[in-house]
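> Okay, so here is target.txt, and as you'll see once you scroll down, it has compact mmCIF, C-alpha atoms.
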# COMPACT_ATOMS: atom_id res chain seq x y z
CA MET A 1 84.66 184.68 146.03
CA LYS A 2 82.93 185.96 149.14
CA TYR A 3 82.00 184.14 152.31
CA LEU A 4 78.33 183.14 152.13
CA PHE A 5 77.58 183.93 155.75
CA ASP A 6 78.67 187.55 155.44
CA LYS A 7 75.83 190.08 155.17
CA ASP A 8 75.82 190.20 151.33
CA GLY A 9 75.79 186.44 150.95
CA ILE A 10 72.86 185.94 153.31
CA GLN A 11 70.87 188.71 151.58
CA ALA A 12 71.52 187.08 148.20
CA LEU A 13 70.55 183.59 149.39
CA GLU A 14 67.36 184.88 151.03
CA ALA A 15 66.39 186.68 147.82
CA PHE A 16 66.75 183.43 145.88
CA CYS A 17 64.36 181.83 148.37
CA MET A 18 61.70 184.42 147.42
CA ALA A 19 61.74 183.44 143.72
CA LYS A 20 60.89 180.17 142.01
CA THR A 21 64.30 178.64 142.49
CA LEU A 22 65.79 175.21 141.92
CA PHE A 23 68.18 174.12 144.68
CA ALA A 24 70.86 171.80 143.30
CA PHE A 25 73.71 170.02 145.07
CA ASP A 26 76.70 167.86 144.44
CA TYR A 27 76.72 164.85 146.77
CA ASP A 28 80.22 163.82 147.92
CA GLY A 29 82.00 166.55 149.84
CA THR A 30 78.87 168.72 149.76
CA LEU A 31 75.93 166.90 151.32
CA ALA A 32 78.05 164.04 152.64
CA PRO A 33 81.55 164.30 154.11
CA ILE A 34 84.45 162.91 152.06
CA VAL A 35 85.50 159.49 153.34
CA ASP A 36 88.21 157.03 152.32
CA ASP A 37 85.76 154.49 150.95
CA PRO A 38 83.08 156.12 148.70
CA THR A 39 80.55 153.46 149.70
CA ASP A 40 80.67 154.84 153.26
CA ALA A 41 79.73 158.39 152.20
CA ILE A 42 76.42 159.03 153.89
CA MET A 43 74.78 162.26 155.01
CA ARG A 44 74.62 163.24 158.65
CA ARG A 45 71.17 162.73 160.14
CA LYS A 46 70.73 166.51 160.40
CA THR A 47 71.66 167.05 156.74
CA TYR A 48 69.29 164.27 155.66
CA GLY A 49 66.44 165.90 157.57
CA GLU A 50 67.18 169.39 156.26
CA ILE A 51 67.39 168.33 152.59
CA THR A 52 64.15 166.35 152.93
CA GLN A 53 62.46 169.42 154.38
CA LEU A 54 63.84 171.58 151.56
CA ALA A 55 62.48 169.20 148.91
CA LEU A 56 59.03 169.56 150.43
CA LEU A 57 59.19 173.30 149.81
CA THR A 58 60.93 173.70 146.45
CA PRO A 59 62.33 171.66 143.53
CA VAL A 60 65.63 170.02 144.50
CA ALA A 61 68.22 168.28 142.32
CA LEU A 62 71.34 166.23 143.01
CA ILE A 63 73.97 166.37 140.27
CA SER A 64 76.79 164.02 141.11
CA GLY A 65 79.55 161.90 139.66
CA ARG A 66 77.98 158.85 141.27
CA ALA A 67 75.77 156.45 139.34
CA ARG A 68 72.10 157.45 139.54
CA ASP A 69 71.08 154.22 141.29
CA ASP A 70 73.71 154.90 143.91
CA LEU A 71 72.35 158.39 144.49
CA ALA A 72 68.80 157.05 144.77
CA ARG A 73 70.01 154.67 147.47
CA LEU A 74 71.71 157.40 149.49
CA ALA A 75 69.33 160.36 149.15
CA PRO A 76 65.76 160.91 150.37
CA LYS A 77 63.04 159.95 147.93
CA GLU A 78 61.52 163.44 148.22
CA ILE A 79 64.28 164.82 145.96
CA ASP A 80 62.89 165.46 142.49
CA PHE A 81 65.88 165.11 140.22
CA MET A 82 68.85 162.79 140.57
CA ILE A 83 71.42 163.25 137.83
CA GLY A 84 74.35 160.86 137.89
CA ASN A 85 77.65 160.32 136.07
CA HIS A 86 78.62 164.03 136.01
CA GLY A 87 75.42 165.12 134.23
CA LEU A 88 75.17 162.27 131.76
CA GLU A 89 72.73 159.94 133.47
CA GLY A 90 69.20 161.06 134.23
CA LEU A 91 68.71 163.66 131.52
CA PRO A 92 65.88 163.37 129.01
CA GLY A 93 66.79 162.21 125.51
CA GLY A 94 70.16 160.93 126.65
CA SER A 95 69.78 157.34 125.51
CA PRO A 96 72.01 157.33 122.38
CA SER A 97 74.98 158.93 124.20
CA LEU A 98 74.38 156.65 127.19
CA GLU A 99 74.77 153.58 125.01
CA GLN A 100 77.99 154.93 123.53
CA ALA A 101 79.24 155.92 126.97
CA GLU A 102 78.65 152.40 128.31
CA ILE A 103 80.61 150.83 125.44
CA SER A 104 83.52 153.27 125.92
CA CYS A 105 83.53 152.74 129.68
CA ASN A 106 83.74 148.97 129.44
CA ARG A 107 86.59 149.27 126.95
CA TRP A 108 88.53 151.77 129.12
CA SER A 109 87.93 149.70 132.24
CA GLU A 110 89.31 146.59 130.57
CA ILE A 111 92.45 148.38 129.36
CA LEU A 112 93.13 150.28 132.59
CA SER A 113 92.65 147.31 134.89
CA LYS A 114 95.41 145.53 133.00
CA GLN A 115 97.76 148.53 132.96
CA ILE A 116 97.28 150.13 136.36
CA LEU A 117 99.15 148.04 138.86
CA THR A 118 99.76 150.72 141.49
CA LYS A 119 98.67 149.60 144.93
CA GLY A 120 95.85 151.66 146.40
CA VAL A 121 94.37 152.66 143.03
CA VAL A 122 90.79 151.49 142.56
CA ILE A 123 88.84 151.57 139.31
CA GLU A 124 85.14 152.12 139.78
CA ASN A 125 83.01 151.41 136.71
CA LYS A 126 79.88 153.53 137.06
CA ARG A 127 78.47 152.13 133.83
CA TYR A 128 78.47 155.45 131.98
CA SER A 129 81.70 156.89 133.38
CA LEU A 130 84.79 155.60 135.10
CA ALA A 131 86.22 156.82 138.40
CA VAL A 132 89.82 155.96 139.16
CA HIS A 133 90.36 156.55 142.89
CA TYR A 134 93.86 157.00 144.28
CA ARG A 135 93.07 158.14 147.83
CA MET A 136 94.61 154.93 149.25
CA ALA A 137 97.81 155.12 147.14
CA SER A 138 100.99 155.73 149.12
CA ASP A 139 102.36 158.20 146.54
CA LYS A 140 99.27 160.11 145.44
CA ARG A 141 101.07 162.47 143.07
CA LYS A 142 102.72 159.62 141.18
CA ALA A 143 99.49 157.61 141.06
CA ARG A 144 97.61 160.59 139.62
CA SER A 145 100.28 161.18 137.02
CA THR A 146 100.22 157.52 135.94
CA ILE A 147 96.43 157.53 135.65
CA LEU A 148 96.45 160.72 133.56
CA ASP A 149 99.15 159.34 131.23
CA LEU A 150 97.19 156.17 130.66
CA ALA A 151 93.92 158.05 130.21
CA ALA A 152 95.54 160.15 127.49
CA SER A 153 96.29 157.02 125.47
CA LEU A 154 92.72 155.69 125.52
CA SER A 155 90.43 155.62 122.52
CA PRO A 156 87.97 157.27 122.20
CA ALA A 157 89.78 159.94 124.21
CA PRO A 158 87.79 160.48 127.43
CA ARG A 159 86.95 163.86 128.92
CA ILE A 160 88.95 164.08 132.15
CA VAL A 161 87.15 165.39 135.18
CA LEU A 162 89.40 165.78 138.19
CA GLY A 163 88.05 165.31 141.67
CA LYS A 164 89.42 164.96 145.18
CA CYS A 165 91.83 161.99 144.85
CA VAL A 166 89.89 160.72 141.86
CA VAL A 167 90.29 160.98 138.09
CA ASN A 168 86.97 160.62 136.29
CA LEU A 169 86.83 159.51 132.69
CA VAL A 170 83.69 160.66 130.91
CA SER A 171 82.52 159.91 127.41
CA PRO A 172 83.57 162.67 124.97
CA GLY A 173 80.73 165.00 124.02
CA ALA A 174 78.64 163.96 127.02
CA PRO A 175 76.80 166.77 128.81
CA HIS A 176 78.60 168.14 131.88
CA LYS A 177 77.08 169.25 135.17
CA GLY A 178 76.40 172.76 133.90
CA VAL A 179 74.37 171.48 130.97
CA ALA A 180 72.51 169.14 133.32
CA LEU A 181 71.62 171.99 135.68
CA LEU A 182 70.25 174.17 132.87
CA GLU A 183 68.20 171.24 131.59
CA VAL A 184 66.70 170.58 135.03
CA MET A 185 65.94 174.32 135.45
CA LEU A 186 64.06 174.20 132.17
CA ARG A 187 62.13 171.07 133.14
CA SER A 188 61.23 172.34 136.59
CA GLU A 189 60.26 175.76 135.17
CA CYS A 190 62.63 177.50 137.56
CA ARG A 191 64.18 180.70 136.24
CA SER A 192 66.81 180.79 138.95
CA ALA A 193 68.93 178.24 140.78
CA VAL A 194 71.23 177.85 143.73
CA TYR A 195 74.05 175.35 143.18
CA ILE A 196 76.48 174.07 145.80
CA GLY A 197 79.48 171.90 145.02
CA ASP A 198 82.96 171.22 146.33
CA ASP A 199 84.94 169.83 143.46
CA ASP A 200 86.80 170.92 140.35
CA ASN A 201 84.10 169.33 138.20
CA ASP A 202 81.56 171.66 139.80
CA GLU A 203 83.40 174.51 138.07
CA ASP A 204 81.43 173.47 134.95
CA VAL A 205 78.41 174.90 136.77
CA PHE A 206 80.21 177.85 138.34
CA ARG A 207 81.65 178.88 134.99
CA LEU A 208 78.22 179.11 133.37
CA GLY A 209 78.24 182.66 134.70
CA GLU A 210 74.45 182.88 134.52
CA GLU A 211 73.13 185.88 136.45
CA SER A 212 70.16 183.89 137.70
CA LEU A 213 72.48 181.35 139.28
CA LEU A 214 73.79 181.65 142.84
CA THR A 215 76.86 179.45 143.11
CA ILE A 216 78.48 178.34 146.36
CA ARG A 217 81.70 176.36 146.69
CA VAL A 218 82.46 174.19 149.68
CA GLY A 219 85.96 175.35 150.63
CA LYS A 220 87.56 178.59 149.52
CA GLU A 221 89.55 178.13 146.31
CA GLU A 222 91.46 180.87 144.55
CA GLY A 223 90.56 180.97 140.86
CA SER A 224 87.16 179.38 141.33
CA ALA A 225 84.32 180.91 139.29
CA SER A 226 81.88 180.44 142.15
CA LEU A 227 80.30 183.57 143.64
CA TYR A 228 80.35 182.50 147.29
CA TYR A 229 81.99 179.86 149.45
CA ILE A 230 81.48 178.15 152.77
CA ASN A 231 84.46 177.11 154.85
CA SER A 232 83.81 173.39 155.04
CA GLN A 233 81.26 170.64 154.54
CA ASP A 234 80.20 171.06 158.18
CA GLU A 235 78.52 174.35 157.22
CA ILE A 236 76.11 172.72 154.75
CA ASP A 237 73.49 172.19 157.49
CA ARG A 238 73.47 175.92 158.19
CA VAL A 239 72.98 176.65 154.47
CA LEU A 240 70.09 174.19 154.23
CA SER A 241 68.51 175.55 157.37
CA LEU A 242 68.77 179.11 156.05
CA CYS A 243 67.12 178.02 152.80
CA THR A 244 64.18 176.25 154.45
CA THR A 245 63.63 179.17 156.82
CA GLY A 246 63.77 181.60 153.88
CA LEU A 247 61.34 179.56 151.78
CA GLN A 248 58.91 179.31 154.69
CA LYS A 249 59.14 183.03 155.36
CA ALA A 250 58.44 183.68 151.67
CA GLY A 251 55.35 181.48 151.97
CA LYS A 252 56.59 178.85 149.52
CA VAL A 253 54.39 175.77 149.37
CA ARG A 254 54.82 173.02 146.84
CA ARG A 255 51.73 172.76 144.69
CA ASP A 256 53.60 171.08 141.90
CA ILE A 257 54.99 167.97 143.58
CA LYS A 258 52.87 165.54 141.59
CA SER A 259 53.54 167.16 138.23
CA LEU A 260 57.27 167.42 138.94
CA ARG A 261 57.39 163.78 139.96
CA GLY A 262 55.93 162.99 136.54
CA ILE A 263 58.66 164.97 134.79
CA ALA A 264 61.39 163.43 136.93
CA ASP A 265 60.11 159.91 136.32
CA GLY A 266 60.35 160.54 132.59
CA PHE A 267 64.10 161.15 132.85
CA VAL A 268 66.31 158.29 131.65
CA MET B 1 40.56 212.51 97.45
CA GLY B 2 37.31 210.48 97.82
CA LEU B 3 34.92 210.66 100.75
CA SER B 4 35.94 207.19 102.05
CA GLU B 5 39.61 208.22 102.12
CA ILE B 6 38.72 211.36 104.13
CA ASP B 7 36.78 209.18 106.61
CA GLY B 8 39.73 206.75 106.91
CA HIS B 9 42.10 209.65 107.57
CA GLN B 10 39.78 210.98 110.26
CA GLU B 11 39.66 207.53 111.93
CA LYS B 12 43.45 207.38 112.06
CA ILE B 13 43.55 210.80 113.72
CA GLU B 14 40.96 209.55 116.21
CA VAL B 15 43.15 206.52 117.00
CA LEU B 16 46.03 208.89 117.70
CA GLU B 17 43.82 211.06 119.92
CA LYS B 18 42.68 208.01 121.88
CA LEU B 19 46.27 206.84 122.32
CA ILE B 20 47.28 210.23 123.68
CA ALA B 21 44.25 210.28 125.98
CA LEU B 22 45.22 206.80 127.20
CA SER B 23 48.77 207.99 127.78
CA VAL B 24 47.48 210.90 129.89
CA ASP B 25 45.20 208.55 131.86
CA LEU B 26 48.11 206.18 132.50
CA HIS B 27 50.19 209.11 133.66
CA ASN B 28 47.42 210.10 136.09
CA LEU B 29 47.05 206.50 137.29
CA ASN B 30 50.80 206.37 137.82
CA ALA B 31 50.66 209.59 139.87
CA GLY B 32 47.80 208.15 141.96
CA VAL B 33 49.65 204.90 142.57
CA GLN B 34 52.76 206.83 143.53
CA ARG B 35 50.80 208.94 146.05
CA GLN B 36 49.30 205.82 147.63
CA TRP B 37 52.27 203.43 147.53
CA ASP B 38 55.26 205.74 147.28
CA LEU B 39 56.14 203.77 144.15
CA SER B 40 55.31 204.49 140.52
CA ILE B 41 54.01 201.69 138.30
CA VAL B 42 57.37 201.50 136.53
CA GLN B 43 59.20 201.28 139.88
CA TRP B 44 56.81 198.53 140.97
CA LEU B 45 57.35 196.62 137.70
CA VAL B 46 61.11 196.80 138.18
CA LEU B 47 60.79 195.67 141.81
CA ARG B 48 58.60 192.75 140.75
CA LYS B 49 61.16 191.68 138.16
CA ILE B 50 63.93 191.76 140.77
CA VAL B 51 61.82 189.64 143.15
CA GLU B 52 61.07 187.13 140.40
CA GLN B 53 64.60 186.94 139.04
CA PRO B 54 67.17 187.61 141.73
CA GLY B 55 70.78 188.19 140.77
CA LEU B 56 70.24 190.11 137.55
CA SER B 57 72.59 192.93 136.61
CA ALA B 58 71.19 196.36 135.74
CA GLY B 59 71.87 195.79 132.02
CA THR B 60 69.95 192.52 131.89
CA LEU B 61 67.17 194.00 133.99
CA ALA B 62 66.78 196.87 131.50
CA GLU B 63 66.48 194.35 128.72
CA TYR B 64 63.94 192.14 130.54
CA SER B 65 61.82 194.94 131.97
CA LYS B 66 61.83 197.04 128.75
CA VAL B 67 62.68 200.05 130.88
CA HIS B 68 65.21 202.42 129.33
CA PRO B 69 68.58 202.37 131.16
CA SER B 70 68.34 206.12 131.82
CA THR B 71 65.06 205.53 133.67
CA LEU B 72 66.30 202.36 135.31
CA THR B 73 69.29 203.90 137.09
CA PRO B 74 67.24 206.33 139.24
CA THR B 75 64.57 203.64 139.71
CA ILE B 76 67.14 201.26 141.19
CA GLY B 77 68.46 204.07 143.38
CA ARG B 78 64.95 204.82 144.63
CA LEU B 79 64.14 201.16 145.36
CA GLU B 80 67.45 200.76 147.18
CA GLY B 81 66.87 203.98 149.13
CA MET B 82 63.50 202.68 150.28
CA GLY B 83 65.11 199.46 151.48
CA LEU B 84 63.16 197.36 148.97
CA ILE B 85 66.20 195.96 147.17
CA TYR B 86 69.91 195.46 147.78
CA VAL B 87 72.50 196.37 145.19
CA LEU B 88 75.30 193.91 145.92
CA GLU B 89 78.72 193.67 144.38
CA ARG B 90 79.09 190.60 142.17
CA PRO B 91 81.97 188.72 143.83
CA THR B 92 83.49 187.57 140.54
CA ASP B 93 83.19 190.89 138.70
CA HIS B 94 83.29 194.14 140.66
CA ARG B 95 82.03 196.15 137.69
CA ARG B 96 78.71 194.28 137.67
CA LYS B 97 76.09 194.54 140.37
CA LEU B 98 73.84 191.85 141.67
CA LEU B 99 70.29 193.07 142.32
CA VAL B 100 68.20 191.23 144.89
CA ALA B 101 65.00 192.00 146.78
CA SER B 102 64.77 192.48 150.53
CA TRP B 103 61.99 190.99 152.66
CA LYS B 104 60.38 194.43 152.72
CA GLY B 105 60.60 194.49 148.92
CA LEU B 106 58.83 191.15 148.67
CA GLU B 107 56.05 192.36 150.93
CA TRP B 108 55.59 195.63 149.01
CA SER B 109 55.68 193.86 145.67
CA ARG B 110 52.92 191.47 146.72
CA LYS B 111 50.71 194.16 148.25
CA SER B 112 51.03 196.47 145.22
CA GLU B 113 50.46 193.56 142.85
CA SER B 114 47.24 192.70 144.55
CA ALA B 115 45.99 196.29 144.37
CA LEU B 116 47.02 196.79 140.74
CA THR B 117 45.55 193.52 139.44
CA THR B 118 42.28 194.39 141.18
CA ALA B 119 42.36 197.79 139.46
CA ILE B 120 42.95 196.18 136.05
CA ASP B 121 40.13 193.68 136.65
CA GLY B 122 37.86 196.61 137.46
CA ALA B 123 38.93 198.53 134.37
CA ILE B 124 38.29 195.58 132.06
CA ALA B 125 34.92 194.83 133.67
CA GLY B 126 33.85 198.41 132.91
CA TYR B 127 33.67 197.82 129.14
CA GLU B 128 30.12 196.75 128.46
CA GLY B 129 29.14 195.17 125.17
CA ILE B 130 32.76 194.80 123.99
CA HIS B 131 34.35 191.38 123.87
CA ILE B 132 37.61 191.91 125.70
CA ASP B 133 40.11 189.70 127.48
CA VAL B 134 43.47 190.15 129.18
CA ASP B 135 45.39 188.09 126.60
CA GLY B 136 43.89 190.15 123.80
CA ILE B 137 44.82 193.43 125.45
CA ARG B 138 48.34 192.19 126.18
CA ASP B 139 48.88 191.14 122.54
CA LEU B 140 47.38 194.36 121.22
CA THR B 141 49.55 196.45 123.56
CA ALA B 142 52.70 194.53 122.63
CA ASN B 143 52.00 195.11 118.95
CA MET B 144 51.27 198.78 119.52
CA ILE B 145 54.58 199.23 121.36
CA LYS B 146 56.39 197.73 118.36
CA SER B 147 54.39 199.88 115.94
CA ILE B 148 55.04 203.08 117.88
CA ALA B 149 58.76 202.24 117.98
CA ARG B 150 58.65 201.97 114.18
CA ILE B 151 56.88 205.34 113.93
CA LYS B 152 59.71 206.86 116.01
CA GLU B 153 62.23 205.41 113.54
CA VAL B 154 60.29 206.91 110.62
CA GLY B 155 60.26 210.22 112.49
CA LYS B 156 64.05 210.13 112.72
CA ALA B 157 64.44 209.53 108.99
CA ASP B 158 62.01 212.30 108.10
CA SER B 159 63.39 214.89 110.48
CA PRO B 160 64.76 218.07 108.91
CA PRO B 161 68.46 218.07 107.93
CA HIS B 162 69.53 220.61 110.56
CA ILE B 163 68.12 218.38 113.34
CA LYS B 164 70.02 215.39 111.99
CA LYS B 165 73.18 217.45 111.98
CA ALA B 166 72.60 218.60 115.53
CA ARG B 167 72.13 214.96 116.65
CA ARG B 168 75.40 213.99 115.04
CA VAL B 169 77.22 216.71 116.94
CA VAL B 170 75.69 215.45 120.21
Would you encode the structure as structure tokens?

Amino acid sequence: MKYLFDKDGIQALEAFCMAKTLFAFDYDGTLAPIVDDPTDAIMRRKTYGEITQLALLTPVALISGRARDDLARLAPKEIDFMIGNHGLEGLPGGSPSLEQAEISCNRWSEILSKQILTKGVVIENKRYSLAVHYRMASDKRKARSTILDLAASLSPAPRIVLGKCVVNLVSPGAPHKGVALLEVMLRSECRSAVYIGDDDNDEDVFRLGEESLLTIRVGKEEGSASLYYINSQDEIDRVLSLCTTGLQKAGKVRRDIKSLRGIADGFV
Amino acid sequence: MGLSEIDGHQEKIEVLEKLIALSVDLHNLNAGVQRQWDLSIVQWLVLRKIVEQPGLSAGTLAEYSKVHPSTLTPTIGRLEGMGLIYVLERPTDHRRKLLVASWKGLEWSRKSESALTTAIDGAIAGYEGIHIDVDGIRDLTANMIKSIARIKEVGKADSPPHIKKARRVV
């Protein structure tokens, strides 16, 4: 991993602004700071303005663990693609697996709410995936271990996606964030993409290893497959600003907003 | 051998002659472009590909641009030397490079593109009385490239035994 704001990183990011590039972001910990209560996670005013400006210049996608409705509530309407539930919700042709995911989620939620009695552990049913938060638990390590043990006994066995003080349970066989990103690239006719995320589940994107993908991790992490990193979430505004400046310098103007809106509206 | 067969043979030779003449003309055009822009057409095509698809490695670029790796290596060196592209180290794999365009490269690519497309428009407009279109020429050229590649393969198979032996040694 290299620091994005070193000479090489800036040159690479600027070059991606010259091409037809999709800019995709995780939400929590990337666009919005991590907070104790996920419902309080909102973008800074500056970030909100920058991402809105970016979406007026180039196709933009949010790919998050949050439910899609939740994302739509938090993000500017100018953003073309909002993919929720770790890549499951918001992709075209996803209806059959969505139905199955909803059934599994309700079953898991019912079982776990009876079995998890640890104080400070909160189960969030996001309809198509389950997030078990343990940020408020007094013994986080023990809470995490208990959640993982219980998750292993569930049927059908969920795919475990670890986050910051959260264990996500996703329907087996459901598309992950990497699959979602490639699908959105295809739909938006972008041959290249910039993706920024902060979490372990963003490694699904980083590990794609696509040459036409510039990956940036929020926070340096040894062993990450991301190409570049920024030190903290505070630096996201600088990244966004660099992107909008680069796109403007390259003379990028959205001529495809209406057609893209049509594609995005067709996503389920 | 009948008269019609002799005529057909002559036509094939004429096709070959025209192809060679075209090759010479392209070579001359390339030299002219290089004098004016300091870039050959191949170098411009490679630059354009790097602008359009940032982050490619040299291997993938060779595949996409249809330029032979032995030609591509000096081309990349030339473009880098002129400050039109950057050859960055891929942070996750030091053996692979990450090719990206510079702002100067973007500007040059756009200027050359404009001049070359105007030249092609002019060339096509010069054919009077022949129904011709860009898509048709592109398809015909693509098929000819494939056909010529096949001829090269046939040439290999038919080459004299001592040449085959020499190739094996190499």
> Please build the interface table for stretch 60-87 of chain B against stretch 108-120 of chain B with a cut-off of 12 Å, listing for each qualifying residue the nearest atom pair and the distance in Å to one decimal; count only C-alpha atoms, order rows by chain and increasing number, and write it as a tab-separated table.

residue	atom	partner	partner_atom	distance
B:Leu79	CA	B:Trp108	CA	10.8
B:Met82	CA	B:Trp108	CA	10.7
B:Gly83	CA	B:Trp108	CA	10.6
B:Leu84	CA	B:Trp108	CA	7.8
B:Ile85	CA	B:Trp108	CA	10.8
> Please, what is the axis-aligned box for every listed atom of stretch 202-214 of chain A with 5 Å on each side, as centre and edge lengths in Å to one decimal, as lines of an AutoDock Vina configuration file?

center_x = 76.8
center_y = 178.8
center_z = 138.1
size_x = 23.2
size_y = 24.2
size_z = 19.5
> For a cut-off of 6 Å around (78.1, 171.0, 135.8), file coordinates, pick out all residues using only C-alpha atoms and list them as a PDB file with C-alpha atoms, in the frame of the given file.

ATOM      1  CA  HIS A 176      78.600 168.140 131.880  1.00  0.00           C
ATOM      2  CA  LYS A 177      77.080 169.250 135.170  1.00  0.00           C
ATOM      3  CA  GLY A 178      76.400 172.760 133.900  1.00  0.00           C
ATOM      4  CA  ASP A 202      81.560 171.660 139.800  1.00  0.00           C
ATOM      5  CA  ASP A 204      81.430 173.470 134.950  1.00  0.00           C
ATOM      6  CA  VAL A 205      78.410 174.900 136.770  1.00  0.00           C
TER       7      VAL A 205
END
> Between A:Ala19, A:Ile10, A:Leu148, A:Val184, which has the minimum distance to chain B (counting only C-alpha atoms)?
A:Ala19
> Pick out the chain A residues within 6 Å of chain B. Count all atoms listed in the file. Give them as a PDB file with C-alpha atoms, keeping the file's coordinate frame.

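What follows is the written file selection.pdb:
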ATOM      1  CA  MET A   1      84.660 184.680 146.030  1.00  0.00           C
ATOM      2  CA  ALA A  15      66.390 186.680 147.820  1.00  0.00           C
ATOM      3  CA  PHE A  16      66.750 183.430 145.880  1.00  0.00           C
ATOM      4  CA  ALA A  19      61.740 183.440 143.720  1.00  0.00           C
ATOM      5  CA  GLU A 211      73.130 185.880 136.450  1.00  0.00           C
ATOM      6  CA  SER A 212      70.160 183.890 137.700  1.00  0.00           C
ATOM      7  CA  LEU A 227      80.300 183.570 143.640  1.00  0.00           C
TER       8      LEU A 227
END
> May I ask for the distance between atom CA of A:Asp40 and atom CA of A:Ser104, given in Å to one decimal place?
27.5 Å
> Rounded to one decimal in Å, what is the spacing between atom CA of A:Leu56 and atom CA of A:Ser241?
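Taking atom CA of A:Leu56 as the start and atom CA of A:Ser241 as the end point, the length is 13.2 Å.
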> To one decimal place in Å, what is the distance between atom CA of B:Ile76 and atom CA of B:Val33?
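If I compute the distance from atom CA of B:Ile76 to atom CA of B:Val33, I get 17.9 Å.
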> Select, counting only C-alpha atoms, all protein, DNA and RNA residues no farther than 12 Å from (96.3, 158.7, 132.3) in file coordinates, and express the selection as a PyMOL selection string.
chain A and resi 108+111-112+115-116+131-132+142-155+157-162+166-169
> Can you list, as a PyMOL selection string, every protein, DNA or RNA residue that comes within 12 Å of A:Ala67 when you count all atoms listed in the file, leaving out same-chain residues fewer than 2 positions away?
chain A and resi 27+38-39+62-65+69-74+82-90+124-131
> For the selection you just gave me, I'd like the residues written to a file as an mmCIF file, in the frame of the given file, keeping C-alpha atoms.

data_model
loop_
_atom_site.group_PDB
_atom_site.id
_atom_site.type_symbol
_atom_site.label_atom_id
_atom_site.label_comp_id
_atom_site.auth_asym_id
_atom_site.auth_seq_id
_atom_site.Cartn_x
_atom_site.Cartn_y
_atom_site.Cartn_z
ATOM 1 C CA TYR A 27 76.720 164.850 146.770
ATOM 2 C CA PRO A 38 83.080 156.120 148.700
ATOM 3 C CA THR A 39 80.550 153.460 149.700
ATOM 4 C CA LEU A 62 71.340 166.230 143.010
ATOM 5 C CA ILE A 63 73.970 166.370 140.270
ATOM 6 C CA SER A 64 76.790 164.020 141.110
ATOM 7 C CA GLY A 65 79.550 161.900 139.660
ATOM 8 C CA ASP A 69 71.080 154.220 141.290
ATOM 9 C CA ASP A 70 73.710 154.900 143.910
ATOM 10 C CA LEU A 71 72.350 158.390 144.490
ATOM 11 C CA ALA A 72 68.800 157.050 144.770
ATOM 12 C CA ARG A 73 70.010 154.670 147.470
ATOM 13 C CA LEU A 74 71.710 157.400 149.490
ATOM 14 C CA MET A 82 68.850 162.790 140.570
ATOM 15 C CA ILE A 83 71.420 163.250 137.830
ATOM 16 C CA GLY A 84 74.350 160.860 137.890
ATOM 17 C CA ASN A 85 77.650 160.320 136.070
ATOM 18 C CA HIS A 86 78.620 164.030 136.010
ATOM 19 C CA GLY A 87 75.420 165.120 134.230
ATOM 20 C CA LEU A 88 75.170 162.270 131.760
ATOM 21 C CA GLU A 89 72.730 159.940 133.470
ATOM 22 C CA GLY A 90 69.200 161.060 134.230
ATOM 23 C CA GLU A 124 85.140 152.120 139.780
ATOM 24 C CA ASN A 125 83.010 151.410 136.710
ATOM 25 C CA LYS A 126 79.880 153.530 137.060
ATOM 26 C CA ARG A 127 78.470 152.130 133.830
ATOM 27 C CA TYR A 128 78.470 155.450 131.980
ATOM 28 C CA SER A 129 81.700 156.890 133.380
ATOM 29 C CA LEU A 130 84.790 155.600 135.100
ATOM 30 C CA ALA A 131 86.220 156.820 138.400
#
